[in-house]
Structures are given as C-alpha cells and as structure tokens.
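Trainee: Input: one structure, supplied below.
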Amino acid sequence: MSETLRLLKRLWAFIRRKPLDNDLEAELAAHLQMAIDDNIARGLKPIEARRLALISMGGMEQARYRQREARGFMTLDVLKQDLKYTLRTLWRDPSFTIVAALILALAIGANIAVFSVVNTLLLRPLPFPNAHELVWIAPPPAKCGLSCATYSTDAYDEFRTGSRSYQDVTGYFAFSGPDNLSLNLGGAPIPATSIDVIQNFFQLLGVHAQMGRVFRPEDARNGAAPVILLSNAWWKRQFNSDPNIVGKAFDMNGQQTTVIGVLPESFDFGAVFAPGTKVDAITPLNLYGPPRDWGNIITMIGRMKPGVTLGQAVDEAARVAPHMCWNNKQPRSCGDYKDGVVPVPLKDYISGKLRRSLVVLWSAVGAILLIACVNLSNLLLARAAARAKEFAMRGALGASRGRIVRQLLTESLVLSGLGAIFGFMLAVILVQWLAHQGAIALPLLSTLHMDSAAVGWTALIAIFSATLFGLVPGLRMAGGNVYESLKDAGPGATASRKHERTRSVLVVSEVALACMLLVGAGLLLRSFINVLNVDLGFEPDHAAAIKVDYNDTVPNDKNGDLAAQKRGVIFQQILSRVGALPGVEAAGMVDYLPLRQNRAWGLPFPKGVKRPEKIDSGPLVYVISPGYMRAMGTPIRGRDFTWSDGPKSEPVVLINKSFAKFLAGFAKWPNGDAVGQSLSNGSDADLHVVGIVDDVHEENVDGDTGWQIYYPMTQAGPNGAELVVRTRMNPASLAGPVLAALREMNPKQPAAEFKPIRLLVNHAVSGRQFFMLLVVAFAVLGLLLAALGIYGVISYTVTRQTQEIGIRMALGASAGKVRQRVLLSTMRLALIGVAIGLCASLECARMMAALLFNTSPWDIVTYGSMALLLLVIAAFSGYVPAFRASRINPIVALRTN
Amino acid sequence: MSPEKLDLLQGTLDLMVLQTLTVMGSMHGYGIARRIEQVSANEVLLNQGTIYASLVRLEQRGWISSSWGTSDNNRKAKFYAITAAGKRQLAADARYWERLKDVMERVLTMEDSAEGADA
C-alpha cells in the first residue's frame, strides 16, 4: 500500500521536478545555515564554521543527488538527458537525420503495409464472429469448373438434414454474373450486381443488418414478395444513404422489390467470396422454386457446432455424401457426390492459396528492412568515426562504457522512432490505397485497415531495427581504446582499419541481400511476362463486351422452342444492327465470357461408343450466337453456327481441340477428325459437331485449359447474353454508339458497363501482378539502398585515403590509375556480395518455384541480368568517389594534416 | 571492532529518523541529523546530507509529514512530524530489530564459535 503510494509520488516527482528541486535547495540552504550558526555559537570563526558545516553535511551535490534518486526515477532522468542530447546532435546534422529517417521510413512503412496485408489475409480470423467454426464445403478441384464445385438443391437439403456436425449449413447461387440486376428509377435502367443466397446465410455468418433486418425463411418461399438487402456501399452511392430506405420498394428486373435492410460496412460479399468484384445487393434464393431443377448451383458454407473438429466434420461428410442425390426424382443420380463433399476451413478456402505469395512478400519486405538497417549501421559507423574524439573525451571524463553505449542506443531509438512515425504514415496511405483497389482479385482487400496489431508491429520493428543498426556502431565505439582515439592517429590507424573492415562486411551483406531481392523480383517479373504472353485462345485486345437485356418469354411455350425462336429473332436483329455500326468488325453473343463464370452439362460422347465408367467431369458449356468466335478472335476449323441452326433443325455444337482430342481417343473417326461427327448426349437428340475451335483459357490465365463445348443460342437456353464487339479502333469509343443502338431496340437496356475484354484478362492476372509489382518495387528500393551503401563506404574510404592518394599522385600515379584503384575496390566488394547473393538466391528460388510460371527457378537469364544490373549500379555508385579521388590535388592533399 | 565509524545498514537510518521524530516531536532535517549524531555518540558514519534522501522516502510512503516553519533562532526550515501510519511502522520495525538483535546475539555467542571469536 505504502509502496504504491510511493510509486505514484515518485512519478509525480519525476514530472514536477522544478518546484521540488527549489524546495530541496531551500531546505539544504537552511540546514547549512543552521550548522554554521551552531558552529559560530561554539566560538568558531565564520569561515571555519562554514567549512566544518560543509564537511559534516558530506557534500551538497551528493545530498542533492541522493535525495533526487530517492524521490524520483534517476534512470528516467538519465534517459531524458540522453534524449535531449540526442535531439540536439541530430538537429545539428540535419542532412544525416533526414537521410536516415527517410531510409527507415521507407523500410518500416513497407513492412507495416505488408504486415497489414498479411495480417488481414492470413493471420487475422475472417471478419465474422467465431470464424473458426466456418467451413467451405466443396468437392476436390475438378476440370469442369463451377458446376463441379457446387451442389444441387436436393443435395444441399440432404446434406443439411443428414449432418450432425453443424449448427447450420447455408450457401449461395454461384452463377450470378455482374450487372444481373436492373434498377428502374424512371430514367435509363441502372445496372447492378446481386447475389442470391439461402435465407439463413446471414444468421449463419453472424452478420446483422445495419438497418432493417436480414432474410427470414418466409422471404424465400414460393410466392413470397420480392425483397432485397442493399450493400452499404450501394446504399450510399445509389440511394444517397437514405436513412428511410427500409420498407421502400423499387422496380428491379421488372418487379416491385422491397428493401428490407442495409448491410453493415464491415460485410463485403465480394471481398470474401468473389475477390475483385463488387456485389451491390443480396436477394434470397428460393430453393423450392425453379432452381430445384437447375442442377449444381449452390456453394455450401457450414458453421460447425462448438467443439466439433474439422476431422469429425470431414468424416461425417464422407458418410453423408453417398446419400446425396443430384436430383431426388432421378434415383440413379444418388451417390453422384460420393467423395465429393469435403469441408475445409473457410479461411483456407479464401486465402489459403495466397499463403506462399504472402510469405515471399513478407520475406522481401524483411530483406528491405535488413538492408535499411545495414545502411543505417554504415551511416552511424561513419558518424561514430567522426565522433570518436567526442566519446573518448566523455570516457576520459568518467562516462562509463555502458553509459556511452546507452547514449548511442538512444540515438538509434530516436532515429528509428522518427522512421517509424513517418513509416506509419506512409503505411496508412499505402493501406488506404490498397483497400480501394477493388479491381485486384485478392480476397479481403477491402477490409484492409490499420489496427492495434499494426501499431504493435510498428513498435516492434522500430525497436528491433534500432538495436540492429545501433548495436554494431555502439559496441565498436565503446570498445575503442580511449587513449588511441584521443591521440587520433589519423590515416592508417588500426581502429579506423577495423572500422573499415566492419563497413565492408556490412556493404557486402547489403549487396547480397539486394541481389537476392533482385533475383526474386526478376523471376516473378519473367513469370508475369510469360503469363501475359500465354495464347489465351482469344484476342483480348480491340474487343469489348456489354451485358444485353432481352425478353424471350413466350406464353404457353411447352419445350422452349418458341422462346428459342424469339431469341433468335431478337439477337439476329441486335447483331445486324450493331454489326452495321461504323468501326465494328464483328459482333456476337455469349452467355458466359471467358475468365468469368462457367458451367458444365454432363459429358456428350461419340455416338455408338460405350462410355468408360469413371469420367466424372464434362466439358464447360457456352451458349453462343453466330459470329461470336469471330468477335472473340477464336479461330474455327469447320463452320460457325448460322441463324438457320434453329430449334427445329439438327442440333449442332462446336467443341474445342482438347475435347476433340479426348473424344477421338474413343471413337474410330476417319483421321481422328471430330468435324462432321455426331455425339450422343444420353437421352436428347444427337449433337452434330460442325467445327473445332482453339482451347480457350476459361478459368485462369496461368493454368491448363480444359474441355469446352459451344451450343447455339437458338438451340439451347443461354444464361443471359453478353454482346461482344470487335473493332480496329479503341473499344471505348464504341461504348456510346453500341449502347444507343441497344437502347433504341430495347428501352429497358440498362447502361451496363462496356468492358474491354482485356480487362477480364487483367482481372484474372491482377493477383499475380499485385505480388509481382510489390516485389519488384521492393527490389528497386533494395537496389537503391545498396547503391547508397556502396557510395557511402567508398567515398568515406577515399576521404580517409586522401593523403595516401596524394602521395601516389605525387610519385607519378595518373588520374586514371587512381580512379581504377578505387573502382576496383568497389567492384571487389560488389562481386563478393553478388556471389554470395546468387548462391543464397538459388536456395530461395526453390521455395518460390510454385509461384513461377513457365520459368525455371534457376533461370540463367534472370540470374545473369540481375547480377549484371547490380554490378553496373555498383560501378556507378563507386564512380563518383573514384572520380573525386582522381581530382585530388597532391599538393593540397599532402599539406592537410 | 575497528575504530572507524559504523556504516549504516540499509534501512536503519529510516528507523532512526522515525524514532527521533516520535521522541522529539516535530523537527527539521538538521535537528534530526544532529540528534542522531548525539545519541549515537558520534559512532555512526552519517553524512548529514543523506538524511534528506531518507526523509523524502519516508514522506512518500506517508509515514511522516512536512511543513515549512520557523526554527528557534528564527530561520525558515522544513519541519517533519511522524504520522499515525509512521508510528505503526516504527513499532513493527522496532520489533523486527529486537528479534534480529536477539538472533545475532545468540549466533555470535555460540559456544563452538569461541575459538574464532577473538578477532
């Protein structure tokens, strides 16, 4: 009790030092005076009385010191002193302070920003309560795209009721495309993107509406009034943050739809489940309506009961799976999902693939920090050498070695603190910027923000780097011989030579680190270029696509033939109209663009050939119009669809090369050629292959292509329509005319985005690009810092050797010779560094191999060019001091000192 | 025993100050220091200045209180007085010293240690 009281009082005394000191001063003065008075009373002369009084006092200064020590915190006082002194010295040398703080700010800022990304994507739980209970339930990856990654409504129901491990299971409709919602506020319809979710979606995730409510079971029943939940961003953007929005109804897709709530800002469907896309609204999925017969459409998400382990959930899923039916009306489809129901932690599903990239990124940024520390160490060493006399003087005056090291560490801490403050601000800007890069297909990016963890990390890094770069110069300084430093033996002194060796070691390690960074960045860059050069199967440039609104419903249409006919007429009209616009080279329609959604419809097989037992995936299906292949720039061997391929004529298909090759392995076709052959689709009429097209990268750019099949829009039902236009001009210039033409034919056509096809490709490679750009940026930063380090060390050496160079020149060495000597010593350091760096890179590249694309981790070109680049930069940074050395005037040089 | 003055053990000065204030009532630092010197018959090595570290320590613990006043010969001085908490502490500390003294006495008068005791 009394000790806590004392602690508080000591703290108080530390803060209010001045009045307490005055008090003490008065008290001591009174004490002395009383002692003198007593002594005089004893008959002593005033001078003698004072002398004796002082003796019995035992030293005024000691009394003060001991009282202060007892009263406050002496260590803090010393720290204050150190700080004051540090600030003064730093203030006196602003160029050093600025350079040091800048280097540190860049390194620390990059570290904090990357930490925030890593923290958000890998370390922090997903932004849902008890996120560890959430699992993503999906089959192991297969070739047939989304259709093989989803479940039918019957399967979902069976899984949900048959499993005991879960509090609940939910899911969403996986096939919604962008701009699938058309909001009609009177003027031109406004396009938006919505996702259908099972009604318990938000309860399961633990997300509450910011305003209004989330879905209830009755919202998803047959005949329920249409309702919608708005995303926070859309509510702000489109509805001006209307506080009374809940309960209002709007015309959406031609239906009066009531807004029942607004989602909180913290929930962004796109950020979690569909990286790089924006989702404006959420609508309830009616499981007992038409989706019943749509086959695999649902992705499943479960919340495990507390205490249930993933292993238990996996085991149970394997037991339930054989009972799940693709369609309960088709008993043969029961068991289709055997081995196809595997729960994985939702977090792993969302960001697990990024783990390796993030580790590489983190290592890169850690290397930057190391380089910066080495650089700072070097700068401080140079400074320390200049201040050797000062420290020697302080040592001679009684400062202990520990005190001097402490002073130096304080300086490092202040410097790194400065760097951390500016670095933090830099990181705030970077993170803010990253959070708004909606186009980068990385999950959770929009939830990126600076939090307490980032602040803690900043402090940690600041202290770590301060110790790292402050310790070497500190020990060097404090370890020096006082006598030797004081007499300052100038050139050739052993202490200086030791300094120089330390500095050389530092520079070599800096160069080695930079070399590793450069090689890593080079490999990633080369991979990225290889990705860009991939033959996509279509020509992404000079083409653009826009979502087209159409209405093909025909009353009393038994088998869809009438709708197909109507569709044919509408599309033919649109295409001939758009095709006639000036500048349009080709136009066509497709329901799913490549690199977007996809689906499969089973496996058509050569007619009359027995199917093998075990083939679980069918080709991806695209429903297209005549002219689409030309508009996309995909070559056809055979013929394109025509408008006469109607609902009544022979069913025709186009297939891609891989699928044709696969089929040819089973059928006995002349020359193995599929063109002109017939495929059987089980029950329906045979499909006649009229042409073979190139393999298209439909899911990603850097993966393999699978099987694809194309049906004409007049024979199969498309899931929406994207109009693709090819032009020789800039595609953007066609946006206005195309939209105007569409509007003229159909006033309901929303002002959907006219998106260049190149954008789809960019989006698909944006994650890779993001990592590549960051690592390259870090490598450039590392290179600059290394160059700075080399420059610093060489120019310091030149300054120190001024006299020696002067003597050499006086004895006849030419300017060229002097330059050569300095350059050689530079290159020696650089070469050692590069050699070490290259060796270390060989090891690091092996860990990176999985991130590379068509690039060997031991790619000679990359290694060679990066080593060369580093040597050239080293030569440049050595050239400046070398040039200065060659300009030394021997007479002046010899006269100094 | 060496003829040199006794070095004060850690904490003993605080105890002396408390006892002095209990017996003498309110006093200033110089008075306390003088009093301790007199009572110990100059056997204790006391730099009078060190009394102030002890005083501030005791005051921060709430065992003594201080106020500025005027001394007998009309000098402005800071006067210290023991508080109720200080009296309790003094009693506890005094008991402790009594016990320690007894123990030390018994240890130092141990029979077997007689041969080395003449040092």
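We label chains A, B, ... in the order they appear in the structure tokens, count residues from 1 in each chain, and number ligands from 1 in the order shown.
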For a quick test of understanding: name the residues of chain A lying within 7 Å of chain B when counting only C-alpha atoms, and present them as a list in words.

Mentor: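 So the contacting residues turn out to be Ser2, Glu3, Leu5, Arg6, Lys9, Glu27, Ala30, His31, Ser56, Met57, Gly58, Met60, Ala63, Arg66, Gln67, Ala70 and Arg71 of chain A.
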
Trainee: Can you write just those residues out, C-alpha atoms, as a short mmCIF file (atom, residue, chain, number, x, y, z; two decimals), in the first residue's frame?

Mentor:
data_model
loop_
_atom_site.label_atom_id
_atom_site.label_comp_id
_atom_site.auth_asym_id
_atom_site.auth_seq_id
_atom_site.Cartn_x
_atom_site.Cartn_y
_atom_site.Cartn_z
CA SER A 2 2.64 2.50 1.09
CA GLU A 3 4.81 1.31 -1.82
CA LEU A 5 1.68 5.43 -2.84
CA ARG A 6 5.39 5.99 -3.07
CA LYS A 9 4.61 10.13 -5.68
CA GLU A 27 15.98 23.11 2.82
CA ALA A 30 18.63 26.29 5.80
CA HIS A 31 20.44 23.19 7.04
CA SER A 56 29.53 17.29 8.31
CA MET A 57 26.99 17.75 5.55
CA GLY A 58 29.06 15.32 3.44
CA MET A 60 25.97 19.30 -1.06
CA ALA A 63 22.99 15.18 -0.82
CA ARG A 66 20.74 11.03 -3.27
CA GLN A 67 17.58 12.89 -2.45
CA ALA A 70 15.10 8.51 -3.66
CA ARG A 71 12.49 10.98 -4.75
#

Trainee: Do a neighbour search on B:Gln89 at 10 Å with only C-alpha atoms, toss out local chain neighbours closer than 6 positions, and write the hits as a list of chain:residue names.

Mentor: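 My reading of the contact set: B:Leu15, B:Leu18, B:Trp63, B:Thr83, B:Arg95.
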
Trainee: Per DSSP on the backbone, what are the helix (DSSP H, G or I) residues of stretch 22-51 of chain B, as a list in words?

Mentor: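 Of stretch 22-51 of chain B, only Thr22, Val23, Met24, Gly29, Tyr30, Gly31, Ile32, Ala33, Arg34, Arg35, Ile36, Glu37, Gln38, Val39, Gln48, Gly49, Thr50 and Ile51 of chain B fall in helix (DSSP H, G or I).
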
Trainee: Next, the residues of the selection above should be written as an mmCIF file, in the first residue's frame with N, CA and C atoms.

Mentor:
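Printed below is part_25.cif as written:
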data_model
loop_
_atom_site.group_PDB
_atom_site.id
_atom_site.type_symbol
_atom_site.label_atom_id
_atom_site.label_comp_id
_atom_site.auth_asym_id
_atom_site.auth_seq_id
_atom_site.Cartn_x
_atom_site.Cartn_y
_atom_site.Cartn_z
ATOM 1 N N THR B 22 9.459 10.474 16.867
ATOM 2 C CA THR B 22 8.493 10.052 17.882
ATOM 3 C C THR B 22 8.851 10.666 19.230
ATOM 4 N N VAL B 23 10.127 10.596 19.523
ATOM 5 C CA VAL B 23 10.570 11.068 20.846
ATOM 6 C C VAL B 23 10.574 12.597 20.909
ATOM 7 N N MET B 24 11.108 13.229 19.863
ATOM 8 C CA MET B 24 11.356 14.666 19.911
ATOM 9 C C MET B 24 10.190 15.492 19.378
ATOM 10 N N GLY B 29 15.342 18.925 9.373
ATOM 11 C CA GLY B 29 16.337 17.933 8.957
ATOM 12 C C GLY B 29 17.641 18.063 9.737
ATOM 13 N N TYR B 30 18.098 19.299 9.893
ATOM 14 C CA TYR B 30 19.362 19.499 10.603
ATOM 15 C C TYR B 30 19.241 18.984 12.024
ATOM 16 N N GLY B 31 18.120 19.303 12.675
ATOM 17 C CA GLY B 31 17.901 18.874 14.057
ATOM 18 C C GLY B 31 17.913 17.364 14.173
ATOM 19 N N ILE B 32 17.232 16.704 13.238
ATOM 20 C CA ILE B 32 17.186 15.242 13.266
ATOM 21 C C ILE B 32 18.590 14.676 13.145
ATOM 22 N N ALA B 33 19.347 15.204 12.178
ATOM 23 C CA ALA B 33 20.689 14.697 11.930
ATOM 24 C C ALA B 33 21.557 14.895 13.169
ATOM 25 N N ARG B 34 21.464 16.069 13.752
ATOM 26 C CA ARG B 34 22.266 16.371 14.953
ATOM 27 C C ARG B 34 21.899 15.403 16.081
ATOM 28 N N ARG B 35 20.609 15.219 16.228
ATOM 29 C CA ARG B 35 20.115 14.386 17.322
ATOM 30 C C ARG B 35 20.650 12.953 17.189
ATOM 31 N N ILE B 36 20.588 12.442 15.966
ATOM 32 C CA ILE B 36 21.072 11.069 15.751
ATOM 33 C C ILE B 36 22.557 10.988 16.046
ATOM 34 N N GLU B 37 23.293 12.004 15.615
ATOM 35 C CA GLU B 37 24.739 12.030 15.878
ATOM 36 C C GLU B 37 25.002 12.014 17.387
ATOM 37 N N GLN B 38 24.197 12.848 18.122
ATOM 38 C CA GLN B 38 24.404 12.939 19.564
ATOM 39 C C GLN B 38 24.095 11.608 20.237
ATOM 40 N N VAL B 39 22.926 11.048 19.891
ATOM 41 C CA VAL B 39 22.512 9.809 20.547
ATOM 42 C C VAL B 39 23.501 8.691 20.276
ATOM 43 N N GLN B 48 25.401 14.253 7.037
ATOM 44 C CA GLN B 48 24.103 14.851 7.334
ATOM 45 C C GLN B 48 23.212 14.962 6.100
ATOM 46 N N GLY B 49 23.864 15.144 4.938
ATOM 47 C CA GLY B 49 23.084 15.297 3.703
ATOM 48 C C GLY B 49 22.219 14.086 3.374
ATOM 49 N N THR B 50 22.693 12.918 3.807
ATOM 50 C CA THR B 50 21.939 11.717 3.420
ATOM 51 C C THR B 50 20.583 11.664 4.113
ATOM 52 N N ILE B 51 20.407 12.449 5.174
ATOM 53 C CA ILE B 51 19.146 12.441 5.889
ATOM 54 C C ILE B 51 17.993 12.821 4.951
#

Trainee: Choose the residue, out of A:Val360, A:Cys325, A:Ile40, A:Ala786, that has the smallest atom-to-atom separation from A:Lys338; count only C-alpha atoms.

Mentor: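 Ranked by minimum distance to A:Lys338, first place goes to A:Cys325.
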
Trainee: With only C-alpha atoms as the counted atoms, please give the residues lying no more than 9 Å from A:Thr855, apart from itself and same-chain residues fewer than 5 positions off, as a ChimeraX atom specification.

Mentor: /A:523-524,526-527,530,849

Trainee: What residues in chain B get the DSSP label strand (DSSP E)? Please answer as a ChimeraX atom specification.

Mentor: /B:27-28,64-70,76-82

Trainee: Hey, can you spit out that residue selection with C-alpha atoms as a PDB file, in the first residue's frame?

Mentor:
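Result file part_12.pdb:
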ATOM      1  CA  MET B  27      11.852  18.677  13.906  1.00  0.00           C
ATOM      2  CA  HIS B  28      13.770  19.966  10.883  1.00  0.00           C
ATOM      3  CA  ILE B  64       5.988  11.364   8.107  1.00  0.00           C
ATOM      4  CA  SER B  65       4.529  14.716   7.119  1.00  0.00           C
ATOM      5  CA  SER B  66       6.293  18.004   6.495  1.00  0.00           C
ATOM      6  CA  SER B  67       5.565  21.710   6.603  1.00  0.00           C
ATOM      7  CA  TRP B  68       7.608  24.893   6.440  1.00  0.00           C
ATOM      8  CA  GLY B  69       8.005  26.736   9.712  1.00  0.00           C
ATOM      9  CA  THR B  70      10.452  28.865  11.670  1.00  0.00           C
ATOM     10  CA  LYS B  76      12.854  29.315   7.866  1.00  0.00           C
ATOM     11  CA  ALA B  77      13.090  25.495   7.874  1.00  0.00           C
ATOM     12  CA  LYS B  78      11.075  22.482   6.841  1.00  0.00           C
ATOM     13  CA  PHE B  79       9.675  20.628   9.871  1.00  0.00           C
ATOM     14  CA  TYR B  80       8.888  16.946   9.869  1.00  0.00           C
ATOM     15  CA  ALA B  81       6.447  15.066  12.130  1.00  0.00           C
ATOM     16  CA  ILE B  82       5.604  11.392  12.383  1.00  0.00           C
TER      17      ILE B  82
END

Trainee: So that I can see what lies close to A:Val314, please list as a PyMOL selection string the residues with an atom at most 12 Å from it, counting only C-alpha atoms and leaving out residues fewer than 2 positions away in the same chain.

Mentor: chain A and resi 135-139+163-166+302+304+308-312+316-321+339-345

Trainee: Those residues with C-alpha atoms, as a JSON list (two decimals), in the first residue's frame please?

Mentor:
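After the write, again.json holds the following:
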[["chain", "number", "residue", "atom", "x", "y", "z"],
["A", 135, "VAL", "CA", -16.18, -24.28, -43.26],
["A", 136, "TRP", "CA", -16.40, -24.24, -47.02],
["A", 137, "ILE", "CA", -17.90, -27.45, -48.30],
["A", 138, "ALA", "CA", -16.90, -28.38, -51.83],
["A", 139, "PRO", "CA", -15.68, -31.25, -53.94],
["A", 163, "SER", "CA", -25.28, -33.90, -40.90],
["A", 164, "ARG", "CA", -24.98, -33.57, -37.13],
["A", 165, "SER", "CA", -21.73, -31.61, -37.02],
["A", 166, "TYR", "CA", -23.19, -28.28, -37.99],
["A", 302, "GLY", "CA", -21.33, -24.58, -42.84],
["A", 304, "MET", "CA", -19.70, -26.35, -37.13],
["A", 308, "VAL", "CA", -16.72, -30.30, -33.37],
["A", 309, "THR", "CA", -13.34, -30.73, -35.01],
["A", 310, "LEU", "CA", -12.67, -30.42, -38.69],
["A", 311, "GLY", "CA", -11.69, -34.07, -38.79],
["A", 312, "GLN", "CA", -15.10, -35.09, -37.42],
["A", 316, "GLU", "CA", -19.22, -37.20, -41.34],
["A", 317, "ALA", "CA", -19.36, -35.52, -44.75],
["A", 318, "ALA", "CA", -17.85, -38.64, -46.28],
["A", 319, "ARG", "CA", -20.63, -40.69, -44.62],
["A", 320, "VAL", "CA", -23.44, -38.37, -45.72],
["A", 321, "ALA", "CA", -22.19, -37.84, -49.27],
["A", 339, "ASP", "CA", -16.03, -38.43, -52.35],
["A", 340, "GLY", "CA", -17.24, -35.03, -53.46],
["A", 341, "VAL", "CA", -18.13, -33.43, -50.16],
["A", 342, "VAL", "CA", -15.13, -32.11, -48.29],
["A", 343, "PRO", "CA", -15.27, -29.38, -45.66],
["A", 344, "VAL", "CA", -12.23, -27.13, -45.41],
["A", 345, "PRO", "CA", -11.85, -24.13, -43.11]]

Trainee: Skipping near chain neighbours, those fewer than 4 positions away, what residues fall within 9 Å of A:Met745 using only C-alpha atoms, listed as a list in words?

Mentor: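 In the requested form, the answer reads Gln573, Ile574, Ala740, Ala741 and Gln749 of chain A.
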
Trainee: Those residues with N, CA and C atoms, as a short mmCIF file (atom, residue, chain, number, x, y, z; two decimals), in the first residue's frame please?

Mentor:
data_model
loop_
_atom_site.label_atom_id
_atom_site.label_comp_id
_atom_site.auth_asym_id
_atom_site.auth_seq_id
_atom_site.Cartn_x
_atom_site.Cartn_y
_atom_site.Cartn_z
N GLN A 573 -31.42 -9.47 -84.92
CA GLN A 573 -31.69 -8.05 -85.12
C GLN A 573 -30.59 -7.20 -84.46
N ILE A 574 -30.30 -7.54 -83.20
CA ILE A 574 -29.28 -6.77 -82.47
C ILE A 574 -27.95 -6.85 -83.19
N ALA A 740 -26.43 3.10 -77.42
CA ALA A 740 -27.55 3.82 -78.04
C ALA A 740 -28.36 2.88 -78.93
N ALA A 741 -27.63 2.06 -79.70
CA ALA A 741 -28.31 1.13 -80.60
C ALA A 741 -29.15 0.14 -79.81
N GLN A 749 -32.92 -1.65 -71.81
CA GLN A 749 -31.49 -1.98 -71.74
C GLN A 749 -30.80 -1.07 -70.72
#

Trainee: Can you measure atom CA of A:Pro756 to atom CA of A:Ala543 for me? One decimal in Å is fine.

Mentor: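 A separation of 5.8 Å between them.
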
Trainee: For atom CA of A:Glu804 and atom CA of A:Pro890, determine how far apart the two atoms are, in Å to one decimal place.

Mentor: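 These two atoms are separated by 9.3 Å.
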
Trainee: List the neighbours of A:Pro626 out to 9 Å using only C-alpha atoms; skip same-chain residues closer than 6 positions along the sequence, and give me the result as a compact mmCIF listing (two decimals) with C-alpha atoms, in the first residue's frame.

Mentor:
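What landed in selection03.txt:
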# COMPACT_ATOMS: atom_id res chain seq x y z
CA GLN A 572 -30.18 -11.50 -85.14
CA ALA A 587 -20.20 -8.90 -83.25
CA GLY A 588 -21.53 -11.94 -81.42
CA MET A 589 -23.19 -13.08 -78.24
CA ASP A 640 -19.53 -21.34 -87.44
CA PHE A 641 -23.15 -21.55 -86.33
CA THR A 642 -25.65 -19.83 -88.59
CA TRP A 643 -29.09 -18.39 -87.95
CA PRO A 712 -26.09 -22.15 -80.49
CA MET A 713 -28.41 -19.77 -78.64
